[in-house]
>>> print(open('structure-v2.pdb').read())   # PDB, C-alpha atoms and all ligand atoms
ATOM      1  CA  MET A  19     -31.915  27.958   4.643  1.00  0.00           C
ATOM      2  CA  ALA A  20     -32.351  30.608   2.006  1.00  0.00           C
ATOM      3  CA  CYS A  21     -29.461  31.985   0.046  1.00  0.00           C
ATOM      4  CA  GLU A  22     -28.974  35.649   0.866  1.00  0.00           C
ATOM      5  CA  LEU A  23     -27.912  36.432  -2.664  1.00  0.00           C
ATOM      6  CA  CYS A  24     -30.401  34.739  -4.929  1.00  0.00           C
ATOM      7  CA  GLY A  25     -33.021  33.846  -2.332  1.00  0.00           C
ATOM      8  CA  LYS A  26     -33.104  30.215  -3.329  1.00  0.00           C
ATOM      9  CA  ASP A  27     -34.047  27.890  -0.505  1.00  0.00           C
ATOM     10  CA  VAL A  28     -31.270  25.386  -0.138  1.00  0.00           C
ATOM     11  CA  GLY A  29     -30.508  22.818   2.534  1.00  0.00           C
ATOM     12  CA  LYS A  30     -27.022  24.044   3.152  1.00  0.00           C
ATOM     13  CA  THR A  31     -25.530  27.463   2.755  1.00  0.00           C
ATOM     14  CA  THR A  32     -21.950  28.554   2.820  1.00  0.00           C
ATOM     15  CA  THR A  33     -20.661  31.648   4.558  1.00  0.00           C
ATOM     16  CA  VAL A  34     -18.778  33.804   2.119  1.00  0.00           C
ATOM     17  CA  LYS A  35     -17.472  37.332   2.184  1.00  0.00           C
ATOM     18  CA  VAL A  36     -19.046  39.428  -0.497  1.00  0.00           C
ATOM     19  CA  GLU A  37     -17.788  43.002  -0.773  1.00  0.00           C
ATOM     20  CA  GLY A  38     -16.566  42.887   2.798  1.00  0.00           C
ATOM     21  CA  SER A  39     -19.695  41.507   4.438  1.00  0.00           C
ATOM     22  CA  GLU A  40     -20.448  37.928   5.334  1.00  0.00           C
ATOM     23  CA  MET A  41     -23.391  36.297   3.648  1.00  0.00           C
ATOM     24  CA  GLU A  42     -25.036  32.917   3.724  1.00  0.00           C
ATOM     25  CA  VAL A  43     -25.192  31.770   0.141  1.00  0.00           C
ATOM     26  CA  CYS A  44     -25.935  28.654  -1.878  1.00  0.00           C
ATOM     27  CA  GLU A  45     -23.457  26.596  -3.857  1.00  0.00           C
ATOM     28  CA  ASP A  46     -24.198  28.589  -7.007  1.00  0.00           C
ATOM     29  CA  CYS A  47     -23.562  31.946  -5.436  1.00  0.00           C
ATOM     30  CA  LYS A  48     -20.421  30.873  -3.624  1.00  0.00           C
ATOM     31  CA  LYS A  49     -18.361  31.965  -6.578  1.00  0.00           C
ATOM     32  CA  TYR A  50     -19.321  35.609  -6.003  1.00  0.00           C
ATOM     33  CA  GLY A  51     -17.610  35.761  -2.669  1.00  0.00           C
ATOM     34  CA  LYS A  52     -14.686  34.519  -0.677  1.00  0.00           C
ATOM     35  CA  GLU A  53     -15.374  31.502   1.482  1.00  0.00           C
ATOM     36  CA  VAL A  54     -15.129  32.215   5.184  1.00  0.00           C
ATOM     37  CA  LEU A  55     -14.178  29.530   7.638  1.00  0.00           C
ATOM     38  CA  THR A  56     -16.869  29.382  10.278  1.00  0.00           C
ATOM     39  CA  SER A  57     -16.068  27.928  13.652  1.00  0.00           C
ATOM     40  CA  GLU A  58     -18.035  24.869  12.693  1.00  0.00           C
ATOM     41  CA  LYS A  59     -15.805  24.378   9.719  1.00  0.00           C
ATOM     42  CA  LYS A  60     -12.685  24.810  11.771  1.00  0.00           C
ATOM     43  CA  ASN A  61     -13.831  22.053  14.078  1.00  0.00           C
ATOM     44  CA  GLN A  62     -14.450  19.874  11.133  1.00  0.00           C
ATOM     45  CA  SER A  63     -11.027  20.313   9.688  1.00  0.00           C
ATOM     46  CA  THR A  64      -9.400  19.675  13.038  1.00  0.00           C
ATOM     47  CA  LYS A  65     -11.304  16.444  13.177  1.00  0.00           C
ATOM     48  CA  GLU A  66     -10.143  15.628   9.689  1.00  0.00           C
ATOM     49  CA  VAL A  67      -6.559  16.355  10.604  1.00  0.00           C
ATOM     50  CA  LEU A  68      -6.838  14.174  13.695  1.00  0.00           C
ATOM     51  CA  GLN A  69      -8.289  11.428  11.608  1.00  0.00           C
ATOM     52  CA  ARG A  70      -5.482  11.739   9.137  1.00  0.00           C
ATOM     53  CA  ILE A  71      -2.929  11.482  11.918  1.00  0.00           C
ATOM     54  CA  GLN A  72      -4.612   8.369  13.237  1.00  0.00           C
ATOM     55  CA  GLU A  73      -4.615   6.832   9.797  1.00  0.00           C
ATOM     56  CA  LYS A  74      -0.980   7.658   9.284  1.00  0.00           C
ATOM     57  CA  LYS A  75      -0.089   6.219  12.664  1.00  0.00           C
ATOM     58  CA  SER A  76      -1.898   2.961  12.187  1.00  0.00           C
ATOM     59  CA  GLN A  77      -0.486   2.622   8.708  1.00  0.00           C
ATOM     60  CA  SER A  78       3.081   3.114   9.768  1.00  0.00           C
ATOM     61  CA  ARG A  79       2.676   1.000  12.883  1.00  0.00           C
ATOM     62  CA  SER A  80       1.705  -2.057  10.926  1.00  0.00           C
ATOM     63  CA  GLY A  81       3.584  -1.050   7.824  1.00  0.00           C
ATOM     64  CA  GLY A  82       6.908  -2.495   8.860  1.00  0.00           C
ATOM     65  CA  TYR A  83       5.451  -5.944   9.100  1.00  0.00           C
ATOM     66  CA  GLU A  84       2.751  -5.950   6.512  1.00  0.00           C
ATOM     67  CA  GLU A  85       5.143  -4.827   3.881  1.00  0.00           C
ATOM     68  CA  ALA A  86       7.412  -7.759   4.415  1.00  0.00           C
ATOM     69  CA  THR A  87       7.759  -9.277   1.015  1.00  0.00           C
ATOM     70  CA  GLU A  88       8.671 -12.713  -0.105  1.00  0.00           C
ATOM     71  CA  GLU A  89      11.559 -12.800  -2.489  1.00  0.00           C
ATOM     72  CA  LEU A  90      13.085 -15.616  -4.415  1.00  0.00           C
ATOM     73  CA  ALA A  91      15.865 -17.088  -2.301  1.00  0.00           C
ATOM     74  CA  LEU A  92      19.358 -16.442  -3.603  1.00  0.00           C
ATOM     75  CA  ASP A  93      20.137 -20.147  -3.533  1.00  0.00           C
ATOM     76  CA  TYR A  94      16.907 -21.204  -5.206  1.00  0.00           C
ATOM     77  CA  SER A  95      18.729 -23.382  -7.743  1.00  0.00           C
ATOM     78  CA  GLU A  96      20.480 -25.315  -4.994  1.00  0.00           C
ATOM     79  CA  ARG A  97      17.246 -25.728  -3.117  1.00  0.00           C
ATOM     80  CA  ILE A  98      15.551 -27.160  -6.186  1.00  0.00           C
ATOM     81  CA  GLU A  99      18.377 -29.519  -7.000  1.00  0.00           C
ATOM     82  CA  ASN A 100      18.789 -30.732  -3.422  1.00  0.00           C
ATOM     83  CA  ALA A 101      15.099 -31.321  -3.004  1.00  0.00           C
ATOM     84  CA  ARG A 102      14.909 -33.108  -6.332  1.00  0.00           C
ATOM     85  CA  LEU A 103      17.770 -35.419  -5.366  1.00  0.00           C
ATOM     86  CA  GLU A 104      16.259 -36.035  -1.958  1.00  0.00           C
ATOM     87  CA  ASN A 105      13.059 -37.074  -3.645  1.00  0.00           C
ATOM     88  CA  ASP A 106      15.097 -39.328  -5.884  1.00  0.00           C
ATOM     89  CA  LEU A 107      13.910 -37.639  -9.039  1.00  0.00           C
ATOM     90  CA  THR A 108      15.717 -36.971 -12.279  1.00  0.00           C
ATOM     91  CA  GLN A 109      15.303 -33.584 -13.904  1.00  0.00           C
ATOM     92  CA  GLU A 110      13.037 -35.258 -16.397  1.00  0.00           C
ATOM     93  CA  GLU A 111      10.856 -36.850 -13.742  1.00  0.00           C
ATOM     94  CA  LEU A 112      10.512 -33.624 -11.853  1.00  0.00           C
ATOM     95  CA  ALA A 113       9.689 -31.817 -15.084  1.00  0.00           C
ATOM     96  CA  LYS A 114       6.935 -34.296 -15.801  1.00  0.00           C
ATOM     97  CA  LYS A 115       5.489 -33.906 -12.327  1.00  0.00           C
ATOM     98  CA  ILE A 116       5.036 -30.196 -12.765  1.00  0.00           C
ATOM     99  CA  ASN A 117       4.172 -30.293 -16.438  1.00  0.00           C
ATOM    100  CA  GLU A 118       7.272 -28.550 -17.661  1.00  0.00           C
ATOM    101  CA  LYS A 119      10.108 -29.389 -20.016  1.00  0.00           C
ATOM    102  CA  LYS A 120      13.249 -30.963 -18.678  1.00  0.00           C
ATOM    103  CA  SER A 121      15.182 -27.968 -19.994  1.00  0.00           C
ATOM    104  CA  VAL A 122      13.246 -25.742 -17.636  1.00  0.00           C
ATOM    105  CA  ILE A 123      14.465 -27.722 -14.638  1.00  0.00           C
ATOM    106  CA  ALA A 124      17.988 -27.733 -16.024  1.00  0.00           C
ATOM    107  CA  LYS A 125      17.897 -23.983 -16.476  1.00  0.00           C
ATOM    108  CA  LEU A 126      16.539 -23.441 -12.984  1.00  0.00           C
ATOM    109  CA  GLU A 127      19.257 -25.584 -11.476  1.00  0.00           C
ATOM    110  CA  ARG A 128      21.920 -23.722 -13.457  1.00  0.00           C
ATOM    111  CA  GLU A 129      20.477 -20.379 -12.332  1.00  0.00           C
ATOM    112  CA  ASP A 130      19.850 -19.648 -15.973  1.00  0.00           C
ATOM    113  CA  MET A 131      16.272 -18.820 -15.254  1.00  0.00           C
ATOM    114  CA  ARG A 132      14.252 -17.435 -12.402  1.00  0.00           C
ATOM    115  CA  PRO A 133      11.028 -19.343 -11.899  1.00  0.00           C
ATOM    116  CA  SER A 134       7.810 -17.479 -12.479  1.00  0.00           C
ATOM    117  CA  GLU A 135       5.426 -17.152  -9.566  1.00  0.00           C
ATOM    118  CA  ASP A 136       3.394 -20.022 -10.934  1.00  0.00           C
ATOM    119  CA  LEU A 137       6.377 -22.272 -11.582  1.00  0.00           C
ATOM    120  CA  ARG A 138       7.825 -21.488  -8.177  1.00  0.00           C
ATOM    121  CA  ARG A 139       4.588 -22.546  -6.468  1.00  0.00           C
ATOM    122  CA  LYS A 140       4.489 -25.788  -8.423  1.00  0.00           C
ATOM    123  CA  LEU A 141       8.070 -26.580  -7.444  1.00  0.00           C
ATOM    124  CA  GLU A 142       7.433 -25.697  -3.824  1.00  0.00           C
ATOM    125  CA  ASN A 143       4.359 -27.897  -3.639  1.00  0.00           C
ATOM    126  CA  THR A 144       5.855 -30.807  -5.491  1.00  0.00           C
ATOM    127  CA  LEU A 145       9.168 -30.829  -3.664  1.00  0.00           C
ATOM    128  CA  ASP A 146       7.766 -29.608  -0.372  1.00  0.00           C
ATOM    129  CA  ILE A 147      10.291 -26.817  -0.125  1.00  0.00           C
ATOM    130  CA  LYS A 148      10.330 -23.073   0.126  1.00  0.00           C
ATOM    131  CA  LEU A 149      12.007 -21.054  -2.554  1.00  0.00           C
ATOM    132  CA  THR A 150      11.378 -17.665  -1.057  1.00  0.00           C
ATOM    133  CA  GLU A 151      12.721 -15.686   1.795  1.00  0.00           C
ATOM    134  CA  LYS A 152      10.966 -13.038   3.775  1.00  0.00           C
ATOM    135  CA  ILE A 153      12.486  -9.657   3.285  1.00  0.00           C
ATOM    136  CA  GLU A 154      11.235  -7.255   5.897  1.00  0.00           C
ATOM    137  CA  SER A 155      11.289  -3.712   4.764  1.00  0.00           C
ATOM    138  CA  ALA A 156      12.586  -1.134   7.172  1.00  0.00           C
ATOM    139  CA  PRO A 157       9.916   0.641   9.201  1.00  0.00           C
ATOM    140  CA  ILE A 158       8.587   3.690   7.481  1.00  0.00           C
ATOM    141  CA  LYS A 159      10.234   6.892   8.636  1.00  0.00           C
ATOM    142  CA  THR A 160       7.031   8.897   8.925  1.00  0.00           C
ATOM    143  CA  THR A 161       6.228   7.115  12.201  1.00  0.00           C
ATOM    144  CA  GLN A 162       8.680   9.230  14.104  1.00  0.00           C
ATOM    145  CA  GLU A 163       8.075  12.319  12.064  1.00  0.00           C
ATOM    146  CA  THR A 164       4.352  12.188  12.629  1.00  0.00           C
ATOM    147  CA  GLU A 165       4.683  11.518  16.308  1.00  0.00           C
ATOM    148  CA  GLY A 166       6.982  14.488  16.731  1.00  0.00           C
ATOM    149  CA  LEU A 167       4.366  16.788  15.284  1.00  0.00           C
ATOM    150  CA  THR A 168       1.589  18.310  17.288  1.00  0.00           C
ATOM    151  CA  ILE A 169      -1.858  18.827  15.864  1.00  0.00           C
ATOM    152  CA  GLY A 170      -1.103  22.532  15.860  1.00  0.00           C
ATOM    153  CA  ASP A 171       1.863  21.951  13.579  1.00  0.00           C
ATOM    154  CA  LEU A 172      -0.289  20.090  11.128  1.00  0.00           C
ATOM    155  CA  ILE A 173      -2.917  22.805  11.094  1.00  0.00           C
ATOM    156  CA  GLU A 174      -0.250  25.412  10.549  1.00  0.00           C
ATOM    157  CA  GLU A 175       1.088  23.340   7.724  1.00  0.00           C
ATOM    158  CA  LYS A 176      -2.347  23.085   6.162  1.00  0.00           C
ATOM    159  CA  LYS A 177      -2.952  26.847   5.946  1.00  0.00           C
TER     160      LYS A 177
HETATM  161 ZN    ZN B 201     -27.757  31.691  -4.305  1.00  0.00          ZN
END
>>> encode(input="structure-v2.pdb", output="structure tokens")
Amino acid sequence: MACELCGKDVGKTTTVKVEGSEMEVCEDCKKYGKEVLTSEKKNQSTKEVLQRIQEKKSQSRSGGYEEATEELALDYSERIENARLENDLTQEELAKKINEKKSVIAKLEREDMRPSEDLRRKLENTLDIKLTEKIESAPIKTTQETEGLTIGDLIEEKK
């Protein structure tokens, strides 16, 4: 299609209002006028809005579960100590097994130190225990909010 302003032949023109009349212009000439929403464009944006709603819905639907996070259990020190004793290990022996200093185990069992992710994994694997608890976050509020809205509301909002 040719631009009605500069005459350049471009693949895609945009409808703009120049001095009150609508013209098909190229990207370069767009700046001379005000962009007009053609019906084609309106359809497009409705589709976009619909898509956005779908995305939001699927996100919030799964969100409550996917966002469940693992957090260090409050009684992690007890869990370590109990498991160590069950395995008949001294602090020193356990430390050796996971390549740490005995003081690290002592600190963990006194709750003087929170294990790093790496250390926690080593302890869990060596002692065959779990030091984390699943904390499920509350479902995201937008689920209800989005479902209460009609597409029309969203388009209104967009304007
Ligand atoms: Zn042009």
>>> residues_around(input="structure-v2.pdb", residues="A:Gln109", least_positions_apart="5", cutoff="8 Å", atoms="only C-alpha atoms", output="list in words")
Arg102, Lys120, Ile123 and Ala124 of chain A
>>> atom_distance(input="structure-v2.pdb", atom1="atom CA of A:Met41", atom2="atom CA of A:Glu22")
6.3 Å
>>> closest_residue(input="structure-v2.pdb", among="A:Cys47, A:Thr31, A:Ser95, A:Glu37", to="ligand ZN 201 (chain B)", atoms="all atoms listed in the file")
A:Cys47
>>> closest_atom_pairs(input="structure-v2.pdb", of="chain A", to="ligand ZN 201 (chain B)", cutoff="6 Å", atoms="all atoms listed in the file", output="CSV")
residue,atom,partner,partner_atom,distance
A:Cys21,CA,B:ZN201,ZN,4.7
A:Leu23,CA,B:ZN201,ZN,5.0
A:Cys24,CA,B:ZN201,ZN,4.1
A:Lys26,CA,B:ZN201,ZN,5.6
A:Val43,CA,B:ZN201,ZN,5.1
A:Cys44,CA,B:ZN201,ZN,4.3
A:Asp46,CA,B:ZN201,ZN,5.4
A:Cys47,CA,B:ZN201,ZN,4.4
>>> atom_distance(input="structure-v2.pdb", atom1="atom CA of A:Gln72", atom2="atom CA of A:Thr32")
28.6 Å
>>> atom_distance(input="structure-v2.pdb", atom1="atom CA of A:Leu68", atom2="atom CA of A:Thr33")
24.1 Å
>>> resolve_selection(input="structure-v2.pdb", expression="the PyMOL selection byres (((chain A and resi 51) around 6) and not hetatm)", output="MDAnalysis selection string")
chainID A and resid 34:36 48:50 52
>>> write_last_selection(input="structure-v2.pdb", atoms="C-alpha atoms", output="mmCIF file, in the frame of the given file")
data_model
loop_
_atom_site.group_PDB
_atom_site.id
_atom_site.type_symbol
_atom_site.label_atom_id
_atom_site.label_comp_id
_atom_site.auth_asym_id
_atom_site.auth_seq_id
_atom_site.Cartn_x
_atom_site.Cartn_y
_atom_site.Cartn_z
ATOM 1 C CA VAL A 34 -18.778 33.804 2.119
ATOM 2 C CA LYS A 35 -17.472 37.332 2.184
ATOM 3 C CA VAL A 36 -19.046 39.428 -0.497
ATOM 4 C CA LYS A 48 -20.421 30.873 -3.624
ATOM 5 C CA LYS A 49 -18.361 31.965 -6.578
ATOM 6 C CA TYR A 50 -19.321 35.609 -6.003
ATOM 7 C CA LYS A 52 -14.686 34.519 -0.677
#
>>> resolve_selection(input="structure-v2.pdb", expression="the PyMOL selection byres (((chain A and resi 129-132) around 12) and not hetatm)", output="short mmCIF file (atom, residue, chain, number, x, y, z; two decimals) with C-alpha atoms, in the frame of the given file")
data_model
loop_
_atom_site.label_atom_id
_atom_site.label_comp_id
_atom_site.auth_asym_id
_atom_site.auth_seq_id
_atom_site.Cartn_x
_atom_site.Cartn_y
_atom_site.Cartn_z
CA GLU A 89 11.56 -12.80 -2.49
CA LEU A 90 13.08 -15.62 -4.42
CA ALA A 91 15.86 -17.09 -2.30
CA LEU A 92 19.36 -16.44 -3.60
CA ASP A 93 20.14 -20.15 -3.53
CA TYR A 94 16.91 -21.20 -5.21
CA SER A 95 18.73 -23.38 -7.74
CA GLU A 96 20.48 -25.32 -4.99
CA ARG A 97 17.25 -25.73 -3.12
CA ILE A 98 15.55 -27.16 -6.19
CA GLU A 99 18.38 -29.52 -7.00
CA SER A 121 15.18 -27.97 -19.99
CA VAL A 122 13.25 -25.74 -17.64
CA ILE A 123 14.46 -27.72 -14.64
CA ALA A 124 17.99 -27.73 -16.02
CA LYS A 125 17.90 -23.98 -16.48
CA LEU A 126 16.54 -23.44 -12.98
CA GLU A 127 19.26 -25.58 -11.48
CA ARG A 128 21.92 -23.72 -13.46
CA PRO A 133 11.03 -19.34 -11.90
CA SER A 134 7.81 -17.48 -12.48
CA GLU A 135 5.43 -17.15 -9.57
CA ASP A 136 3.39 -20.02 -10.93
CA LEU A 137 6.38 -22.27 -11.58
CA ARG A 138 7.82 -21.49 -8.18
CA LEU A 149 12.01 -21.05 -2.55
CA THR A 150 11.38 -17.66 -1.06
#
